[in-house]
Structures are given as C-alpha cells and as structure tokens.
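Asks: Below is the file upload.txt, with compact mmCIF, C-alpha atoms.
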# COMPACT_ATOMS: atom_id res chain seq x y z
CA MET N 1 45.88 0.55 52.96
CA PRO N 2 48.95 -0.84 51.20
CA GLU N 3 48.95 -4.54 50.46
CA VAL N 4 51.62 -6.71 52.11
CA GLN N 5 53.80 -8.01 49.27
CA ILE N 6 56.03 -10.93 50.23
CA ARG N 7 59.16 -11.75 48.22
CA LYS N 8 60.58 -14.59 50.29
CA LYS N 9 60.47 -16.35 53.62
CA LEU N 10 63.21 -18.06 55.61
CA ILE N 11 62.67 -20.38 58.56
CA SER N 12 65.72 -21.54 60.47
CA VAL N 13 65.99 -23.83 63.48
CA GLU N 14 68.99 -24.45 65.72
CA GLU N 15 69.21 -27.45 68.00
CA ILE N 16 71.95 -27.03 70.60
CA PHE N 17 73.33 -30.09 72.38
CA HIS N 18 76.17 -28.52 74.35
CA GLU N 19 78.66 -25.67 74.28
CA GLY N 20 81.71 -27.38 75.66
CA GLY N 21 80.01 -28.48 78.89
CA PRO N 22 77.70 -31.38 79.76
CA VAL N 23 75.42 -32.53 76.95
CA ALA N 24 71.88 -31.24 77.64
CA GLN N 25 69.23 -33.81 78.61
CA LYS N 26 66.87 -31.97 76.31
CA PRO N 27 68.58 -29.97 73.56
CA LEU N 28 67.78 -26.26 73.43
CA ARG N 29 65.94 -25.32 70.27
CA ARG N 30 65.77 -21.86 68.79
CA ALA N 31 63.91 -20.84 65.66
CA THR N 32 63.66 -17.72 63.53
CA ALA N 33 61.08 -16.72 60.96
CA LEU N 34 62.10 -14.04 58.48
CA VAL N 35 59.86 -12.56 55.82
CA VAL N 36 61.01 -10.10 53.17
CA ILE N 37 58.27 -7.63 52.24
CA ARG N 38 58.11 -4.60 50.01
CA ASN N 39 58.32 -1.35 51.98
CA PRO N 40 55.26 0.59 50.80
CA TYR N 41 56.81 3.84 52.06
CA ALA N 42 60.28 3.48 50.52
CA GLY N 43 61.71 6.47 48.71
CA SER N 44 59.73 9.31 50.23
CA TYR N 45 58.58 10.69 53.56
CA VAL N 46 55.03 9.61 54.36
CA GLU N 47 53.46 11.16 57.45
CA LYS N 48 50.70 8.68 58.16
CA ILE N 49 51.99 5.13 58.27
CA GLU N 50 50.18 3.61 61.26
CA GLY N 51 47.60 1.83 59.15
CA PHE N 52 50.19 -0.61 57.87
CA MET N 53 50.43 -2.16 61.35
CA GLU N 54 46.91 -3.48 60.90
CA ASP N 55 47.82 -4.89 57.47
CA LEU N 56 50.77 -6.75 58.97
CA LYS N 57 48.74 -8.54 61.65
CA PRO N 58 47.82 -11.65 59.60
CA LEU N 59 51.47 -12.03 58.58
CA GLY N 60 52.56 -11.78 62.22
CA LEU N 61 50.17 -14.57 63.18
CA GLU N 62 51.30 -16.70 60.24
CA MET N 63 54.97 -16.29 61.24
CA ALA N 64 54.26 -17.04 64.91
CA ARG N 65 52.41 -20.22 63.93
CA ALA N 66 55.23 -21.24 61.61
CA LEU N 67 57.72 -20.84 64.46
CA VAL N 68 55.70 -23.01 66.83
CA LYS N 69 55.46 -25.62 64.09
CA ALA N 70 59.21 -25.45 63.43
CA LEU N 71 59.83 -26.07 67.14
CA GLY N 72 57.64 -29.18 67.18
CA GLY N 73 54.09 -27.88 67.21
CA ASP N 74 53.32 -27.42 70.91
CA PRO N 75 53.08 -23.76 72.02
CA LYS N 76 53.67 -24.86 75.63
CA THR N 77 57.28 -25.75 74.83
CA VAL N 78 58.10 -22.15 73.91
CA GLU N 79 59.81 -20.23 76.73
CA GLY N 80 61.60 -17.31 75.09
CA TYR N 81 60.88 -14.81 72.34
CA GLY N 82 62.07 -11.71 70.54
CA LYS N 83 61.52 -9.71 67.38
CA GLY N 84 63.28 -7.39 64.99
CA ALA N 85 63.31 -5.68 61.62
CA ILE N 86 65.88 -4.64 59.03
CA VAL N 87 64.75 -1.76 56.83
CA GLY N 88 66.27 -1.36 53.35
CA SER N 89 68.20 1.80 52.57
CA ALA N 90 65.32 3.64 50.88
CA GLY N 91 63.27 3.43 54.08
CA GLU N 92 63.44 4.86 57.60
CA ILE N 93 63.91 3.24 60.98
CA GLU N 94 60.34 4.31 61.75
CA HIS N 95 59.12 1.84 59.14
CA GLY N 96 60.78 -0.91 61.18
CA ALA N 97 58.86 0.31 64.22
CA LEU N 98 55.64 -0.66 62.45
CA TRP N 99 56.51 -4.27 63.35
CA HIS N 100 56.30 -3.82 67.14
CA VAL N 101 52.56 -4.25 67.44
CA PRO N 102 51.75 -6.91 64.80
CA GLY N 103 54.88 -8.98 65.55
CA GLY N 104 54.68 -8.80 69.31
CA TYR N 105 50.98 -9.31 69.83
CA ALA N 106 50.91 -12.18 67.33
CA MET N 107 53.42 -14.17 69.37
CA ARG N 108 51.75 -13.36 72.67
CA GLU N 109 48.42 -14.49 71.28
CA ILE N 110 49.71 -17.73 69.75
CA LEU N 111 51.58 -18.58 72.97
CA GLY N 112 48.44 -18.24 75.11
CA ASP N 113 48.61 -14.68 76.40
CA ALA N 114 52.32 -14.50 77.19
CA LYS N 115 52.85 -11.75 79.75
CA ALA N 116 56.30 -10.28 79.11
CA ILE N 117 57.02 -7.49 76.66
CA VAL N 118 58.57 -8.86 73.47
CA VAL N 119 62.11 -7.51 73.34
CA SER N 120 63.19 -6.11 70.00
CA THR N 121 65.79 -4.39 67.91
CA LYS N 122 65.87 -2.88 64.46
CA LYS N 123 68.14 -1.13 62.01
CA VAL N 124 68.48 0.21 58.49
CA GLY N 125 70.86 -1.78 56.32
CA GLY N 126 71.70 -3.31 52.96
CA PRO N 127 71.38 -6.87 51.64
CA GLY N 128 73.05 -9.40 53.95
CA THR N 129 72.82 -7.16 57.03
CA ARG N 130 72.89 -9.24 60.20
CA LEU N 131 70.62 -8.40 63.13
CA ASP N 132 71.09 -9.68 66.67
CA VAL N 133 67.53 -10.29 67.84
CA PRO N 134 67.31 -10.21 71.65
CA VAL N 135 65.39 -12.94 73.46
CA THR N 136 63.80 -13.00 76.94
CA HIS N 137 61.37 -15.23 78.86
CA ILE N 138 57.80 -15.03 77.57
CA ASN N 139 56.20 -14.50 80.98
CA ALA N 140 58.80 -12.70 83.07
CA SER N 141 61.41 -10.42 81.52
CA TYR N 142 63.82 -10.76 84.46
CA VAL N 143 64.43 -14.50 84.14
CA ARG N 144 68.21 -14.43 83.79
CA SER N 145 68.69 -17.89 82.31
CA HIS N 146 66.57 -16.97 79.29
CA PHE N 147 68.39 -13.76 78.29
CA ASP N 148 69.65 -14.74 74.87
CA ALA N 149 69.93 -13.48 71.29
CA MET N 150 69.86 -14.92 67.83
CA GLU N 151 71.68 -13.53 64.84
CA VAL N 152 69.54 -13.42 61.72
CA GLY N 153 69.92 -12.22 58.14
CA ILE N 154 69.36 -13.08 54.49
CA THR N 155 72.08 -12.79 51.86
CA ASP N 156 69.99 -10.90 49.30
CA ALA N 157 67.74 -8.86 51.57
CA PRO N 158 66.67 -6.24 52.33
CA ARG N 159 66.92 -4.55 48.97
CA ALA N 160 66.53 -0.76 49.17
CA ASP N 161 62.74 -0.89 48.97
CA GLU N 162 62.23 -3.86 51.26
CA ILE N 163 61.92 -4.71 54.97
CA VAL N 164 63.02 -7.96 56.60
CA LEU N 165 60.65 -8.80 59.45
CA ALA N 166 61.93 -11.20 62.13
CA LEU N 167 60.37 -13.25 64.92
CA VAL N 168 62.35 -15.57 67.21
CA MET N 169 61.22 -18.27 69.65
CA THR N 170 63.27 -20.55 71.90
CA THR N 171 62.44 -23.59 74.01
CA GLY N 172 64.45 -22.79 77.11
CA ALA N 173 67.42 -21.37 78.94
CA ARG N 174 70.93 -20.92 77.52
CA VAL N 175 72.40 -24.38 77.23
CA HIS N 176 74.82 -23.98 80.16
CA ALA N 177 72.99 -21.18 82.05
CA ARG N 178 74.63 -20.70 85.46
CA VAL N 179 74.85 -17.03 86.41
CA GLY N 180 72.04 -16.97 88.97
CA GLY N 181 69.23 -14.41 89.08
CA LEU N 182 65.50 -15.03 88.84
CA LYS N 183 64.74 -18.60 87.79
CA ALA N 184 61.90 -19.69 85.51
CA SER N 185 60.59 -21.81 88.41
CA GLU N 186 60.26 -18.69 90.58
CA ILE N 187 58.09 -16.65 88.21
CA LYS N 188 55.02 -15.06 89.77
CA GLY N 189 53.69 -14.17 86.31
CA GLU N 190 51.63 -11.17 87.32
CA ASP N 191 53.38 -8.16 85.85
CA GLY N 192 55.36 -9.71 83.00
CA LEU N 193 58.58 -8.82 84.77
CA ARG N 194 59.09 -11.33 87.61
CA MET J 1 63.23 -34.61 63.77
CA THR J 2 63.09 -38.36 64.05
CA ASP J 3 66.77 -39.12 64.34
CA SER J 4 68.64 -38.16 67.45
CA PRO J 5 72.26 -37.16 67.06
CA ARG J 6 73.06 -39.56 69.87
CA VAL J 7 72.05 -42.41 67.60
CA ALA J 8 74.24 -40.81 65.00
CA SER J 9 77.09 -40.60 67.51
CA GLY J 10 76.94 -44.36 67.88
CA ALA J 11 77.68 -44.81 64.21
CA GLY J 12 80.90 -42.80 64.26
CA SER J 13 82.67 -43.07 67.59
CA LYS J 14 84.47 -39.76 67.09
CA LEU J 15 81.37 -37.84 66.04
CA LYS J 16 80.52 -35.14 68.58
CA ILE J 17 77.78 -32.74 67.47
CA ARG J 18 77.47 -29.41 69.24
CA LYS J 19 74.52 -28.11 67.27
CA ILE J 20 72.41 -28.70 64.20
CA ALA J 21 70.76 -25.87 62.29
CA THR J 22 68.24 -26.03 59.46
CA PHE J 23 67.26 -23.29 57.06
CA VAL J 24 64.28 -23.27 54.71
CA GLU J 25 63.93 -20.53 52.14
CA GLU J 26 60.86 -19.95 49.99
CA THR J 27 60.82 -17.39 47.17
CA ARG J 28 57.41 -16.08 46.14
CA THR J 29 58.20 -13.12 43.93
CA GLU J 30 61.21 -11.80 42.04
CA MET J 31 61.30 -8.38 40.37
CA GLY J 32 57.57 -8.10 40.88
CA GLN J 33 56.89 -11.36 39.01
CA LYS J 34 55.06 -14.07 40.86
CA VAL J 35 57.05 -17.28 41.38
CA ASP J 36 54.38 -19.96 41.19
CA PRO J 37 54.84 -22.46 42.68
CA PRO J 38 57.38 -20.77 44.98
CA THR J 39 60.93 -22.12 44.77
CA ARG J 40 62.03 -23.80 47.99
CA ARG J 41 65.38 -24.92 49.29
CA ALA J 42 66.66 -26.18 52.59
CA ALA J 43 70.04 -26.60 54.21
CA ALA J 44 70.93 -28.68 57.25
CA VAL J 45 74.18 -27.85 59.00
CA ALA J 46 75.96 -29.75 61.78
CA VAL J 47 78.65 -28.21 63.95
CA ILE J 48 80.99 -30.98 65.07
CA GLU J 49 84.22 -31.31 66.98
CA ASN J 50 87.27 -31.72 64.73
CA PRO J 51 89.03 -34.77 66.21
CA TYR J 52 92.28 -33.78 64.48
CA ALA J 53 92.37 -30.06 65.31
CA GLY J 54 95.84 -28.75 66.06
CA GLN J 55 97.75 -31.80 64.86
CA PHE J 56 98.82 -33.43 61.63
CA VAL J 57 97.23 -36.86 61.29
CA GLU J 58 98.03 -38.93 58.23
CA ASP J 59 95.05 -41.30 58.28
CA LEU J 60 91.74 -39.43 58.04
CA SER J 61 89.46 -42.46 57.90
CA GLU J 62 87.58 -41.47 61.10
CA LEU J 63 86.47 -38.29 59.37
CA MET J 64 85.32 -40.29 56.37
CA THR J 65 83.08 -42.36 58.67
CA ILE J 66 81.78 -39.16 60.24
CA GLY J 67 80.96 -37.96 56.72
CA GLU J 68 78.94 -41.09 56.07
CA THR J 69 76.88 -40.59 59.25
CA LEU J 70 76.31 -36.91 58.56
CA GLY J 71 75.33 -37.63 54.96
CA GLU J 72 72.31 -39.53 56.17
CA LEU J 73 71.45 -37.34 59.17
CA LEU J 74 71.68 -33.99 57.37
CA THR J 75 69.89 -35.12 54.22
CA GLN J 76 67.02 -36.44 56.33
CA ARG J 77 66.88 -33.16 58.22
CA ALA J 78 66.89 -31.09 55.03
CA VAL J 79 64.17 -33.17 53.39
CA ALA J 80 62.09 -33.09 56.58
CA ALA J 81 62.48 -29.31 56.75
CA LEU J 82 61.12 -29.04 53.21
CA GLY J 83 58.32 -31.43 54.12
CA ILE J 84 58.83 -33.57 51.02
CA ALA J 85 59.65 -37.20 50.28
CA GLY J 86 63.34 -37.72 49.44
CA PRO J 87 62.80 -38.73 45.80
CA THR J 88 60.87 -35.49 45.17
CA ALA J 89 64.04 -33.44 45.72
CA GLU J 90 65.43 -31.87 42.56
CA SER J 91 68.88 -30.50 43.33
CA TYR J 92 71.53 -30.87 45.96
CA GLY J 93 74.92 -29.69 47.18
CA LYS J 94 77.35 -30.03 50.07
CA ALA J 95 79.96 -27.90 51.80
CA ALA J 96 82.16 -27.73 54.87
CA ALA J 97 83.97 -25.00 56.78
CA VAL J 98 86.93 -26.01 58.95
CA GLY J 99 87.83 -23.97 62.03
CA GLU J 100 91.24 -22.31 62.24
CA ASN J 101 92.99 -25.26 63.96
CA GLY J 102 92.09 -27.71 61.20
CA GLU J 103 93.12 -28.44 57.62
CA LEU J 104 91.16 -28.13 54.41
CA GLU J 105 91.88 -31.82 53.96
CA HIS J 106 89.67 -32.52 57.00
CA ALA J 107 86.75 -31.05 55.07
CA ALA J 108 87.69 -33.16 52.07
CA ALA J 109 87.72 -36.32 54.19
CA ILE J 110 84.20 -35.64 55.41
CA LEU J 111 82.73 -34.57 52.08
CA HIS J 112 84.21 -36.74 49.39
CA PRO J 113 84.82 -40.42 50.15
CA LYS J 114 81.64 -41.58 51.95
CA LEU J 115 79.09 -38.81 52.43
CA GLY J 116 77.41 -39.18 49.02
CA THR J 117 76.06 -42.73 49.30
CA PRO J 118 73.63 -42.09 52.18
CA VAL J 119 72.60 -38.78 50.58
CA ARG J 120 71.57 -40.68 47.45
CA ARG J 121 69.89 -43.38 49.50
CA VAL J 122 67.66 -40.80 51.22
CA LEU J 123 66.89 -39.06 47.91
CA GLY J 124 66.10 -42.23 46.01
CA LYS J 125 68.45 -41.50 43.13
CA GLY J 126 71.20 -38.97 42.51
CA ALA J 127 73.08 -39.92 39.37
CA ALA J 128 74.89 -36.57 39.26
CA LEU J 129 78.00 -35.52 41.11
CA ILE J 130 77.11 -33.65 44.31
CA PRO J 131 78.63 -30.21 43.81
CA SER J 132 80.72 -29.07 46.75
CA SER J 133 82.74 -26.26 48.27
CA LYS J 134 84.98 -25.99 51.27
CA LYS J 135 86.95 -23.39 53.16
CA ARG J 136 88.69 -22.62 56.41
CA GLY J 137 87.32 -19.79 58.49
CA GLY J 138 86.27 -18.38 61.82
CA PRO J 139 82.87 -18.18 63.56
CA GLY J 140 80.21 -16.64 61.35
CA VAL J 141 81.99 -17.46 58.11
CA ALA J 142 79.61 -17.59 55.14
CA LEU J 143 79.46 -20.98 53.47
CA ASP J 144 78.25 -20.97 49.85
CA ILE J 145 76.82 -24.39 49.08
CA PRO J 146 76.75 -24.98 45.32
CA LEU J 147 73.59 -26.60 43.94
CA GLY J 148 73.04 -28.77 40.87
CA HIS J 149 70.31 -31.11 39.65
CA LYS J 150 70.63 -34.47 41.39
CA ASP J 151 70.17 -36.63 38.30
CA ALA J 152 71.69 -34.55 35.51
CA ALA J 153 74.44 -32.05 36.26
CA PHE J 154 73.82 -30.08 33.04
CA VAL J 155 70.28 -28.95 33.88
CA ARG J 156 70.88 -25.22 33.62
CA SER J 157 67.80 -24.05 35.54
CA HIS J 158 69.12 -25.78 38.66
CA PHE J 159 72.64 -24.31 38.80
CA ASP J 160 72.43 -22.32 42.00
CA GLY J 161 73.96 -21.74 45.41
CA MET J 162 72.74 -21.24 48.95
CA GLU J 163 74.59 -19.21 51.55
CA VAL J 164 74.43 -20.39 55.14
CA ARG J 165 76.16 -19.22 58.27
CA ILE J 166 76.03 -19.72 62.01
CA ASN J 167 77.34 -16.83 64.03
CA ASP J 168 79.19 -18.95 66.63
CA ALA J 169 80.65 -21.60 64.33
CA PRO J 170 83.07 -22.98 63.43
CA ARG J 171 85.13 -22.44 66.56
CA ALA J 172 88.85 -23.18 66.17
CA ASN J 173 88.46 -26.89 66.89
CA GLU J 174 85.22 -27.43 65.00
CA ILE J 175 83.97 -28.24 61.51
CA MET J 176 80.68 -27.06 60.01
CA VAL J 177 79.18 -29.57 57.58
CA ALA J 178 76.27 -28.57 55.35
CA ILE J 179 73.93 -30.31 52.92
CA ALA J 180 71.44 -28.38 50.81
CA VAL J 181 68.41 -29.87 49.04
CA THR J 182 65.75 -28.16 46.89
CA ASP J 183 62.42 -29.03 45.37
CA SER J 184 62.95 -26.61 42.47
CA GLY J 185 65.42 -24.62 40.37
CA ARG J 186 66.10 -20.87 40.35
CA PRO J 187 63.11 -18.53 40.52
CA LEU J 188 62.16 -17.42 36.99
CA ALA J 189 64.97 -19.44 35.33
CA ARG J 190 65.18 -18.41 31.68
CA VAL J 191 68.70 -18.77 30.28
CA GLY J 192 68.00 -21.90 28.22
CA GLY J 193 70.09 -25.05 28.27
CA LEU J 194 69.03 -28.55 29.22
CA THR J 195 65.67 -28.59 31.04
CA LYS J 196 64.62 -31.05 33.70
CA GLU J 197 62.01 -32.47 31.35
CA GLN J 198 64.80 -33.51 28.94
CA ILE J 199 66.80 -35.49 31.51
CA LYS J 200 67.80 -38.98 30.40
CA GLY J 201 69.35 -39.65 33.81
CA GLU J 202 71.80 -42.30 32.69
CA ASP J 203 75.22 -40.74 33.01
CA GLY J 204 74.51 -38.15 35.68
CA LEU J 205 75.27 -35.38 33.22
CA ARG J 206 72.22 -35.07 30.90
Using the file provided, produce a representation of the structure as structure tokens.

Replies:
Amino acid sequence: MPEVQIRKKLISVEEIFHEGGPVAQKPLRRATALVVIRNPYAGSYVEKIEGFMEDLKPLGLEMARALVKALGGDPKTVEGYGKGAIVGSAGEIEHGALWHVPGGYAMREILGDAKAIVVSTKKVGGPGTRLDVPVTHINASYVRSHFDAMEVGITDAPRADEIVLALVMTTGARVHARVGGLKASEIKGEDGLR
Amino acid sequence: MTDSPRVASGAGSKLKIRKIATFVEETRTEMGQKVDPPTRRAAAVAVIENPYAGQFVEDLSELMTIGETLGELLTQRAVAALGIAGPTAESYGKAAAVGENGELEHAAAILHPKLGTPVRRVLGKGAALIPSSKKRGGPGVALDIPLGHKDAAFVRSHFDGMEVRINDAPRANEIMVAIAVTDSGRPLARVGGLTKEQIKGEDGLR
C-alpha cells in the first residue's frame, strides 16, 4: 500500500453577508479544505489502484474535521457539501476517482450519517488549475436553495506527479435563494433525495 | 471570528462588506524534503463596495478611514485563522484589487495612509514597511500579496508572496482588500542574507 505523502494543505473560509440584496441575518459560510498529495501512480499505467482508497480514509476524516472546525466547530451547522480532485498531468482521471469513497464517506460520517450522495467533480490539470466543486444539501439532494458551487485551486499545485484533493462544506442556502423548489424545511430525509 | 463586520461598519460609515474570505496554507514538504515545523501563512480578504465607483472624487478620505477599519479587522482574522497570538507573527503584506469602475488611487487610499497602524497594533510590533501591491481587474483576478519580515525588511528568508483570488470579486463597483500574515519564512530558505536571529529591529530594515 502506498503511503499518503502530503506536500501542503490549504483551508479557506468565505463569509457572505449579501450579494446586492438584503444583508443576511446570519451570514452564509462556506469552507474548503485542499490537500496536495503525491500521486503514487503518476507516470505509468497501474492496473490495481483500489487499495489507495483505504489509505486515504484517515486523511478524508482529518479534512472533514478541519472543515467543521473552520466553520465554527458544530457539525449541526453544516447543511451543504461537495468534493473534488485535480490530478496532475502525469496521472489519469481515474486516480481522481479514488477520492470518491474516502472523501465522501468521511464527510457523511463526521456530519452524523448525512443521507445525500456527495456531489463531485474532477479533472486533470496543471498548477493553478481551478475546479468548480458542486455543492448540494447533505440530507436531500433536491433541495434547490442549497445547489451551489465553490471554486478552488492552489497556485503551485498540482505538479505533474501530484493530486489536489478537495472537500467543501457550507452552512446554508445561497445568500439570496429565491427560485422555489424543495425547501430544506420540507425534507423527508429517507432516501437522500427529498 | 469575534468581530462582526457590522461593528466594523459602524467605524467607517461608508464601509459595506459583501464577503470576507480567509485562506490558510501549510507547507509540509518541498522537493521531498520535510519542512519541520511546517511553514504557515494566512490571508484575510474583504470584498467591499467602492463608494467612488464610476466617478472622479478628489477627496478620498472616506477610503482612508475604511482602510483603518479593515486593517484591524483583516489582521485579526488572519491571525485567528493561523491560531497564533499577534506578536508571534513573523511577516506580513497587503494588497488591493479595484473593480473596473474604480481607480488605482482608490486602492492607494485604502492601503497607504491609515491601514498600517491597526495592523501593527494587532501584531504587537511591525517596525518594517508593510510591502504592498495593487491592481485593477475583474472577478477572479489573482492578487499577489508581497510578504516581508514585520520587524526587519531585509530578512531574506521571509521575502515571499501569497496569491489569493475570489472567483466572483471584485465586481465593477467593488474593491478587494487583502492582508497576509505568516508565522514563518519560505519553506527550506537557503539563499543567505540577514536571518531573523540577527534582527536588531530598530530601523525596520535590519
């Protein structure tokens, strides 16, 4: 099993007061955790890569905890999440797919068995590549007010033999959400969808 | 996050903050070498309304007052993000990006006359000039905040820069104001020059 080698970490938090409309009673907060790791499979085709998902699990939990802390420390305040990966140019998109399980299940566990699938995106790119990480409600994917996205990236990463792993959490709806659809207050919370 | 921007708004009547972002970066390895302890730096960025967008205004004193308020607010946020006491900070820098309907001089009014004093108050000292950069640009523009040691500008290990950006800022009538603070120099610094141990700290240079 390859060891997870971390080069750097970046935590960012946005606090949004308004977007031209009424100032929010409670500002919306959104946080991202990015970790730059060495891609153990860079430079050649490796058939069996699944084992690395297991190796990434502790890192996923560490990042999910760091996000909750960055948002104030109470997992109950987290309402939206998403995940993503940027694979350096000596790797394949499939290496980014290794993040689905450890990244997603870590957040669901830390947030008390969140029910909705963790939306995601990934790409191959060079240093400074920006990734728009999608965000949806943690218990019901169809909650329209919580459809969101956060752009992430690091100036000097990923290098060719690296992967940038991303997790995102938010504390609520878009700051001026008003396009209808399923509301957070209407969630049944049985199937992760509605 | 002890200070609410609404308190801050009271200090400068024209200060309207749309969002505040913080970034904390921690470097653990570089070229396979362990960085121990890891180098850490933080930036706090406020996106504010430009009260003078789209017009020429001779007297920019309102922006200077806004700079004073943001100097305190953003330095506190950056230090809190690093989880350190202000005086433990080692280097600092500041920068602003003005949206397309503003002037570069608006950035200058925020950054230069009054912003530094509260920054130094939060950090305990700060004998050195606070290095700065400014530009005009659209949403998502990359802002490179220069960094230098807070007590002695010539400390070579602490010459650095931190890039920050926010994808939806600055809008045409906004200004992005950033302050960066570190608790360390570059990872694996090894190009000689004045070291932090040699600082006299009298003139802000050495």

Asks: Please determine the contact residues of chain N with respect to chain J at a cut-off of 8 Å, counting all atoms listed in the file, and supply them as an MDAnalysis selection string.

Replies: chainID N and resid 6:20 151 155

Asks: Which one of N:Ile93, N:Ile110, N:Ile117, N:Val4 sits closest to Arg194 in chain N if you count only C-alpha atoms?

Replies: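 Closest candidate: N:Ile117.
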
Asks: Would you place a box with edges along x, y and z of the file around all atoms of range 168-186 of chain J listed there, add 8 Å to each of its six sides, and report the centre and edge lengths in Å to one decimal, as AutoDock Vina command-line options?

Replies:
--center_x 75.6 --center_y -24.6 --center_z 53.6 --size_x 42.4 --size_y 27.4 --size_z 42.5

Asks: Find the spatial neighbours of range 96-101 of chain J, counting all atoms listed in the file, within a cut-off of 7 Å - ignore same-chain residues fewer than 3 positions away - and output them as a PyMOL selection string.

Replies: chain J and resi 53-54+104+107+133-138+143+170-178

Asks: Which distance in Å separates CA of Val124 in chain N and CA of Val87 in chain N, to one decimal?

Replies: 4.5 Å

Asks: So which one's closest to Arg174 in chain N, N:Asp113, N:Asp132, N:Asp74, N:Asp148? Using all atoms listed in the file, please.

Replies: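 So, comparing all the options, the nearest one is N:Asp148.
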
Asks: Would you list the contacts of Met107 in chain N as a list of chain:residue names, taking every protein, DNA or RNA residue within 9 Å and counting all atoms listed in the file, but skipping same-chain residues closer than 2 positions in sequence?

Replies: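 The filter keeps N:Gly60, N:Leu61, N:Met63, N:Ala64, N:Arg65, N:Tyr81, N:Pro102, N:Gly103, N:Gly104, N:Tyr105, N:Glu109, N:Ile110, N:Leu111, N:Gly112, N:Asp113, N:Ala114, N:Val118, N:Leu167, N:Met169.
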
Asks: Just to confirm, what's the straight-line distance from CA of Ser141 in chain N to CA of Gly192 in chain N in Å (one decimal)?

Replies: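 Answer for the CA of Ser141 in chain N to CA of Gly192 in chain N separation: 6.3 Å.
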
Asks: Report, in Å to a single decimal, how far apart CA of Asp183 in chain J and CA of Glu90 in chain J are.

Replies: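 Atom-to-atom, CA of Glu90 in chain J and CA of Asp183 in chain J are spaced 5.0 Å apart.
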